[in-house]
$ cat input.txt   # compact mmCIF, N, CA, C and O atoms
# COMPACT_ATOMS: atom_id res chain seq x y z
N MET A 858 114.44 106.51 93.77
CA MET A 858 113.01 106.62 93.54
C MET A 858 112.28 105.63 94.45
O MET A 858 112.74 104.51 94.65
N ASP A 859 111.17 106.04 94.97
CA ASP A 859 110.33 105.19 95.80
C ASP A 859 109.74 104.07 94.93
O ASP A 859 109.03 104.33 93.96
N TRP A 860 110.06 102.80 95.26
CA TRP A 860 109.63 101.66 94.43
C TRP A 860 108.12 101.51 94.38
O TRP A 860 107.56 101.16 93.35
N THR A 861 107.43 101.80 95.47
CA THR A 861 105.97 101.71 95.48
C THR A 861 105.37 102.70 94.49
O THR A 861 104.48 102.35 93.72
N LYS A 862 105.89 103.91 94.49
CA LYS A 862 105.40 104.94 93.57
C LYS A 862 105.71 104.54 92.12
O LYS A 862 104.89 104.70 91.23
N ARG A 863 106.89 103.99 91.90
CA ARG A 863 107.30 103.56 90.57
C ARG A 863 106.40 102.44 90.06
O ARG A 863 105.95 102.45 88.92
N ASP A 864 106.09 101.46 90.92
CA ASP A 864 105.22 100.35 90.54
C ASP A 864 103.83 100.84 90.17
O ASP A 864 103.23 100.38 89.21
N LYS A 865 103.30 101.80 90.93
CA LYS A 865 101.97 102.35 90.64
C LYS A 865 101.98 103.06 89.30
O LYS A 865 101.03 102.98 88.54
N THR A 866 103.06 103.78 88.99
CA THR A 866 103.18 104.48 87.71
C THR A 866 103.21 103.48 86.56
O THR A 866 102.53 103.67 85.55
N ILE A 867 103.97 102.41 86.71
CA ILE A 867 104.05 101.39 85.67
C ILE A 867 102.68 100.75 85.45
O ILE A 867 102.26 100.56 84.31
N LEU A 868 101.98 100.42 86.52
CA LEU A 868 100.64 99.82 86.39
C LEU A 868 99.68 100.79 85.70
O LEU A 868 98.89 100.38 84.84
N SER A 869 99.72 102.04 86.06
CA SER A 869 98.85 103.04 85.44
C SER A 869 99.14 103.16 83.94
O SER A 869 98.22 103.24 83.13
N GLU A 870 100.41 103.19 83.58
CA GLU A 870 100.79 103.30 82.17
C GLU A 870 100.37 102.06 81.40
O GLU A 870 99.89 102.16 80.26
N ALA A 871 100.52 100.88 81.98
CA ALA A 871 100.10 99.64 81.32
C ALA A 871 98.60 99.62 81.11
O ALA A 871 98.11 99.23 80.04
N ALA A 872 97.85 100.04 82.11
CA ALA A 872 96.39 100.09 81.99
C ALA A 872 95.97 101.02 80.87
O ALA A 872 95.09 100.70 80.07
N GLU A 873 96.62 102.17 80.79
CA GLU A 873 96.28 103.13 79.74
C GLU A 873 96.67 102.61 78.37
O GLU A 873 95.90 102.71 77.41
N LEU A 874 97.86 102.02 78.25
CA LEU A 874 98.35 101.51 76.97
C LEU A 874 97.42 100.44 76.40
O LEU A 874 97.10 100.44 75.21
N PHE A 875 96.97 99.51 77.24
CA PHE A 875 96.12 98.41 76.77
C PHE A 875 94.64 98.69 76.95
O PHE A 875 93.81 97.81 76.74
N ASP A 876 94.30 99.92 77.35
CA ASP A 876 92.91 100.34 77.55
C ASP A 876 92.18 99.40 78.51
O ASP A 876 91.07 98.94 78.25
N LEU A 877 92.84 99.10 79.62
CA LEU A 877 92.28 98.24 80.66
C LEU A 877 91.95 99.06 81.89
O LEU A 877 92.64 100.03 82.19
N PRO A 878 90.92 98.66 82.65
CA PRO A 878 90.67 99.34 83.92
C PRO A 878 91.86 99.16 84.86
O PRO A 878 92.42 98.07 84.96
N ALA A 879 92.26 100.21 85.54
CA ALA A 879 93.42 100.17 86.42
C ALA A 879 93.25 99.13 87.53
O ALA A 879 94.21 98.50 87.95
N ASP A 880 92.01 98.93 88.02
CA ASP A 880 91.80 97.96 89.09
C ASP A 880 92.09 96.54 88.64
O ASP A 880 92.58 95.73 89.40
N VAL A 881 91.82 96.24 87.38
CA VAL A 881 92.09 94.90 86.85
C VAL A 881 93.59 94.67 86.78
O VAL A 881 94.10 93.63 87.19
N VAL A 882 94.31 95.66 86.28
CA VAL A 882 95.77 95.55 86.16
C VAL A 882 96.41 95.40 87.53
O VAL A 882 97.33 94.63 87.73
N ALA A 883 95.90 96.13 88.52
CA ALA A 883 96.47 96.11 89.87
C ALA A 883 96.03 94.89 90.67
O ALA A 883 96.52 94.66 91.77
N GLY A 884 95.08 94.10 90.15
CA GLY A 884 94.60 92.93 90.88
C GLY A 884 93.67 93.26 92.02
O GLY A 884 93.48 92.46 92.93
N LEU A 885 93.08 94.45 92.01
CA LEU A 885 92.15 94.84 93.07
C LEU A 885 90.83 94.08 92.92
O LEU A 885 90.45 93.71 91.81
N PRO A 886 90.12 93.86 94.02
CA PRO A 886 88.86 93.14 93.92
C PRO A 886 87.80 93.95 93.18
O PRO A 886 87.76 95.17 93.28
N HIS A 887 86.98 93.23 92.43
CA HIS A 887 85.83 93.83 91.76
C HIS A 887 84.61 93.30 92.50
O HIS A 887 84.42 92.08 92.59
N ILE A 888 83.79 94.19 93.03
CA ILE A 888 82.65 93.80 93.87
C ILE A 888 81.36 94.35 93.27
O ILE A 888 81.32 95.52 92.86
N GLU A 889 80.33 93.50 93.23
CA GLU A 889 79.00 93.92 92.79
C GLU A 889 77.98 93.44 93.80
O GLU A 889 78.11 92.36 94.36
N ALA A 890 76.96 94.25 94.01
CA ALA A 890 75.84 93.86 94.88
C ALA A 890 74.55 94.13 94.13
O ALA A 890 74.43 95.15 93.45
N VAL A 891 73.60 93.22 94.27
CA VAL A 891 72.28 93.41 93.69
C VAL A 891 71.30 93.48 94.86
O VAL A 891 71.04 92.47 95.52
N GLY A 892 70.85 94.70 95.14
CA GLY A 892 69.97 94.90 96.29
C GLY A 892 70.67 94.44 97.56
O GLY A 892 71.87 94.61 97.73
N ASP A 893 69.89 93.83 98.45
CA ASP A 893 70.46 93.29 99.69
C ASP A 893 70.46 91.76 99.68
O ASP A 893 70.51 91.14 100.73
N ARG A 894 70.42 91.16 98.48
CA ARG A 894 70.29 89.70 98.39
C ARG A 894 71.47 88.99 97.73
O ARG A 894 71.70 87.81 97.97
N HIS A 895 72.21 89.67 96.87
CA HIS A 895 73.28 89.02 96.12
C HIS A 895 74.57 89.83 96.21
O HIS A 895 74.56 91.05 96.07
N PHE A 896 75.69 89.13 96.40
CA PHE A 896 77.01 89.74 96.48
C PHE A 896 77.93 88.94 95.57
O PHE A 896 77.97 87.71 95.63
N TYR A 897 78.68 89.63 94.71
CA TYR A 897 79.59 88.98 93.77
C TYR A 897 80.95 89.65 93.88
O TYR A 897 81.04 90.87 93.97
N MET A 898 82.01 88.85 93.90
CA MET A 898 83.36 89.40 94.01
C MET A 898 84.33 88.64 93.12
O MET A 898 84.35 87.40 93.12
N GLU A 899 85.13 89.39 92.36
CA GLU A 899 86.22 88.82 91.56
C GLU A 899 87.55 89.21 92.20
O GLU A 899 87.63 90.21 92.89
N HIS A 900 88.57 88.44 91.92
CA HIS A 900 89.94 88.67 92.40
C HIS A 900 90.08 88.45 93.90
O HIS A 900 90.75 89.22 94.59
N HIS A 901 89.45 87.42 94.43
CA HIS A 901 89.61 87.10 95.85
C HIS A 901 90.78 86.13 96.03
O HIS A 901 91.29 85.57 95.05
N ARG A 902 91.20 85.94 97.26
CA ARG A 902 92.30 85.03 97.58
C ARG A 902 91.84 83.93 98.54
O ARG A 902 92.65 83.29 99.19
N GLY A 903 90.53 83.74 98.67
CA GLY A 903 90.01 82.67 99.51
C GLY A 903 89.12 83.16 100.63
O GLY A 903 89.06 84.35 100.92
N ILE A 904 88.45 82.21 101.25
CA ILE A 904 87.55 82.49 102.37
C ILE A 904 88.33 82.32 103.68
O ILE A 904 89.00 81.31 103.88
N LEU A 905 88.23 83.30 104.56
CA LEU A 905 88.91 83.24 105.85
C LEU A 905 88.01 82.67 106.95
O LEU A 905 88.47 81.98 107.84
N SER A 906 86.71 83.02 106.90
CA SER A 906 85.74 82.46 107.84
C SER A 906 84.36 82.48 107.20
O SER A 906 84.10 83.29 106.31
N TYR A 907 83.51 81.55 107.65
CA TYR A 907 82.21 81.39 107.02
C TYR A 907 81.17 81.00 108.06
O TYR A 907 81.35 80.03 108.80
N SER A 908 80.09 81.77 108.12
CA SER A 908 78.92 81.38 108.91
C SER A 908 77.70 81.99 108.21
O SER A 908 77.84 82.74 107.24
N GLY A 909 76.53 81.70 108.70
CA GLY A 909 75.32 82.26 108.13
C GLY A 909 75.16 83.74 108.40
O GLY A 909 74.32 84.40 107.78
N GLU A 910 75.98 84.29 109.31
CA GLU A 910 75.89 85.70 109.67
C GLU A 910 77.08 86.53 109.19
O GLU A 910 77.00 87.75 109.14
N GLU A 911 78.21 85.88 108.89
CA GLU A 911 79.40 86.62 108.44
C GLU A 911 80.28 85.75 107.57
O GLU A 911 80.55 84.60 107.91
N ILE A 912 80.72 86.32 106.46
CA ILE A 912 81.70 85.65 105.60
C ILE A 912 82.86 86.62 105.42
O ILE A 912 82.66 87.76 104.98
N ALA A 913 84.07 86.20 105.78
CA ALA A 913 85.27 87.02 105.63
C ALA A 913 86.06 86.51 104.43
O ALA A 913 86.34 85.31 104.32
N ILE A 914 86.43 87.42 103.55
CA ILE A 914 87.09 87.07 102.29
C ILE A 914 88.44 87.77 102.23
O ILE A 914 88.55 88.98 102.46
N ASN A 915 89.48 87.00 101.89
CA ASN A 915 90.81 87.56 101.69
C ASN A 915 90.84 88.22 100.32
O ASN A 915 90.60 87.57 99.31
N ALA A 916 91.14 89.52 100.29
CA ALA A 916 91.22 90.26 99.04
C ALA A 916 92.63 90.80 98.84
O ALA A 916 92.82 91.93 98.40
N ASP A 917 93.61 90.01 99.20
CA ASP A 917 95.03 90.32 99.06
C ASP A 917 95.48 91.44 99.98
O ASP A 917 96.06 91.19 101.01
N ARG A 918 95.18 92.69 99.68
CA ARG A 918 95.63 93.81 100.51
C ARG A 918 94.59 94.22 101.54
O ARG A 918 94.79 95.20 102.25
N MET A 919 93.47 93.53 101.58
CA MET A 919 92.42 93.88 102.53
C MET A 919 91.57 92.64 102.81
O MET A 919 91.69 91.63 102.13
N ILE A 920 90.74 92.75 103.81
CA ILE A 920 89.76 91.71 104.12
C ILE A 920 88.39 92.33 103.88
O ILE A 920 88.12 93.45 104.32
N VAL A 921 87.54 91.61 103.17
CA VAL A 921 86.16 92.06 102.93
C VAL A 921 85.27 91.17 103.78
O VAL A 921 85.32 89.95 103.68
N ARG A 922 84.45 91.80 104.63
CA ARG A 922 83.52 91.06 105.48
C ARG A 922 82.10 91.37 105.04
O ARG A 922 81.72 92.55 104.93
N VAL A 923 81.33 90.32 104.81
CA VAL A 923 79.92 90.46 104.45
C VAL A 923 79.12 89.98 105.65
O VAL A 923 79.29 88.86 106.11
N TYR A 924 78.24 90.86 106.16
CA TYR A 924 77.41 90.54 107.33
C TYR A 924 75.95 90.46 106.89
O TYR A 924 75.52 91.22 106.03
N GLY A 925 75.20 89.55 107.51
CA GLY A 925 73.79 89.46 107.20
C GLY A 925 73.13 88.28 107.87
O GLY A 925 73.59 87.79 108.90
N GLU A 926 72.08 87.80 107.24
CA GLU A 926 71.32 86.67 107.76
C GLU A 926 71.14 85.63 106.65
O GLU A 926 70.89 86.00 105.50
N GLY A 927 71.30 84.38 106.99
CA GLY A 927 71.14 83.30 106.02
C GLY A 927 72.12 83.38 104.87
O GLY A 927 71.81 82.99 103.74
N LEU A 928 73.33 83.86 105.15
CA LEU A 928 74.34 83.98 104.10
C LEU A 928 74.79 82.60 103.64
O LEU A 928 75.00 81.69 104.44
N GLU A 929 74.93 82.46 102.34
CA GLU A 929 75.30 81.17 101.75
C GLU A 929 76.25 81.41 100.58
O GLU A 929 75.97 82.23 99.70
N LEU A 930 77.37 80.73 100.59
CA LEU A 930 78.31 80.78 99.48
C LEU A 930 77.77 79.83 98.41
O LEU A 930 77.84 78.61 98.58
N VAL A 931 77.22 80.39 97.34
CA VAL A 931 76.55 79.53 96.35
C VAL A 931 77.48 79.10 95.22
O VAL A 931 77.23 78.08 94.58
N SER A 932 78.54 79.85 94.98
CA SER A 932 79.53 79.41 94.00
C SER A 932 80.86 80.08 94.29
O SER A 932 80.92 81.20 94.81
N MET A 933 81.94 79.36 93.95
CA MET A 933 83.28 79.90 94.17
C MET A 933 84.24 79.23 93.21
O MET A 933 84.26 78.00 93.10
N THR A 934 85.00 80.04 92.49
CA THR A 934 86.08 79.54 91.65
C THR A 934 87.38 80.10 92.22
O THR A 934 87.36 80.81 93.23
N GLY A 935 88.48 79.84 91.57
CA GLY A 935 89.75 80.37 92.03
C GLY A 935 89.82 81.89 91.99
O GLY A 935 90.66 82.49 92.64
N ASP A 936 88.91 82.53 91.25
CA ASP A 936 88.96 83.97 91.09
C ASP A 936 87.70 84.71 91.50
O ASP A 936 87.75 85.89 91.82
N ALA A 937 86.55 84.03 91.52
CA ALA A 937 85.28 84.73 91.79
C ALA A 937 84.43 83.94 92.78
O ALA A 937 84.54 82.71 92.88
N LEU A 938 83.56 84.68 93.48
CA LEU A 938 82.62 84.01 94.39
C LEU A 938 81.30 84.76 94.39
O LEU A 938 81.22 85.93 94.06
N ARG A 939 80.26 84.02 94.77
CA ARG A 939 78.90 84.57 94.81
C ARG A 939 78.25 84.17 96.13
O ARG A 939 78.29 83.01 96.52
N ILE A 940 77.66 85.17 96.81
CA ILE A 940 77.01 84.95 98.09
C ILE A 940 75.55 85.39 97.96
O ILE A 940 75.27 86.44 97.39
N HIS A 941 74.64 84.56 98.49
CA HIS A 941 73.22 84.93 98.55
C HIS A 941 72.80 84.95 100.01
O HIS A 941 73.40 84.29 100.85
N GLY A 942 71.76 85.68 100.31
CA GLY A 942 71.22 85.82 101.66
C GLY A 942 70.74 87.24 101.85
O GLY A 942 70.66 88.01 100.89
N THR A 943 70.41 87.58 103.06
CA THR A 943 70.02 88.96 103.37
C THR A 943 71.27 89.69 103.84
O THR A 943 71.76 89.45 104.95
N ILE A 944 71.80 90.55 103.00
CA ILE A 944 73.05 91.26 103.29
C ILE A 944 72.73 92.55 104.02
O ILE A 944 71.96 93.38 103.54
N ARG A 945 73.30 92.70 105.20
CA ARG A 945 73.05 93.89 106.03
C ARG A 945 74.19 94.91 105.92
O ARG A 945 73.97 96.10 106.01
N ARG A 946 75.42 94.41 105.73
CA ARG A 946 76.57 95.32 105.75
C ARG A 946 77.75 94.66 105.05
O ARG A 946 77.95 93.45 105.15
N VAL A 947 78.55 95.47 104.36
CA VAL A 947 79.82 95.01 103.77
C VAL A 947 80.90 95.93 104.32
O VAL A 947 80.74 97.15 104.34
N GLU A 948 82.01 95.33 104.76
CA GLU A 948 83.06 96.09 105.44
C GLU A 948 84.40 95.75 104.80
O GLU A 948 84.70 94.59 104.54
N TRP A 949 85.23 96.78 104.58
CA TRP A 949 86.59 96.60 104.07
C TRP A 949 87.55 96.92 105.19
O TRP A 949 87.46 97.98 105.81
N VAL A 950 88.50 96.02 105.46
CA VAL A 950 89.49 96.22 106.51
C VAL A 950 90.87 96.09 105.89
O VAL A 950 91.19 95.07 105.28
N SER A 951 91.68 97.14 106.03
CA SER A 951 93.05 97.12 105.47
C SER A 951 93.96 96.32 106.36
O SER A 951 93.83 96.29 107.55
$ encode --input "input.txt" --output "structure tokens"
Amino acid sequence: MDWTKRDKTILSEAAELFDLPADVVAGLPHIEAVGDRHFYMEHHRGILSYSGEEIAINADRMIVRVYGEGLELVSMTGDALRIHGTIRRVEWVS
């Protein structure tokens, strides 16, 4: 049996059994945006690069890049971060 397929099946079954969202069980990032001013992300693995125009975030299986003007990392914990500024674009790179 393909181990990747088996792992996905186990995660899906666990999510269903405990009535949890599959993305939480799989450790996928949870991202929220409020207009073009606020960006919030849970389940990150750290900041890769930071400037007022671009912030690159390690999201385990992908990199999330936030582009804009006056970007500022206003809070960050081991699991969540919040960015304020004028957000022009968000990009996911596998």
$ atom_distance --input "input.txt" --atom1 "atom C of A:Gly927" --atom2 "atom CA of A:Leu885"
25.9 Å
$ residues_around --input "input.txt" --residues "A:Ala916" --least-positions-apart "5" --cutoff "7 Å" --atoms "all atoms listed in the file" --output "number ranges by chain"
A: 884-886, 900-903, 921
$ atom_distance --input "input.txt" --atom1 "atom N of A:Trp949" --atom2 "atom O of A:Val931"
22.7 Å
$ atom_distance --input "input.txt" --atom1 "atom C of A:Gly892" --atom2 "atom N of A:Ala937"
19.9 Å
$ residues_around --input "input.txt" --residues "A:Gly925" --least-positions-apart "4" --cutoff "12 Å" --atoms "only C-alpha atoms" --output "list of chain:residue names"
A:Asp893, A:Arg894, A:His895, A:Phe896, A:Tyr907, A:Ser908, A:Gly909, A:Glu910, A:Glu911, A:Ile912, A:Ala913, A:Glu929, A:Ile940, A:His941, A:Gly942, A:Thr943, A:Ile944, A:Arg945, A:Arg946, A:Val947, A:Glu948
$ closest_residue --input "input.txt" --among "A:Val950, A:Met933, A:Val891, A:Leu928" --to "A:Ile914" --atoms "all atoms listed in the file"
A:Val950
$ closest_residue --input "input.txt" --among "A:Met898, A:Leu874, A:Ile888, A:Leu905" --to "A:Thr934" --atoms "only N, CA, C and O atoms"
A:Met898
$ closest_residue --input "input.txt" --among "A:Glu899, A:Ser906, A:Ser951, A:Met919" --to "A:Gly935" --atoms "all atoms listed in the file"
A:Glu899
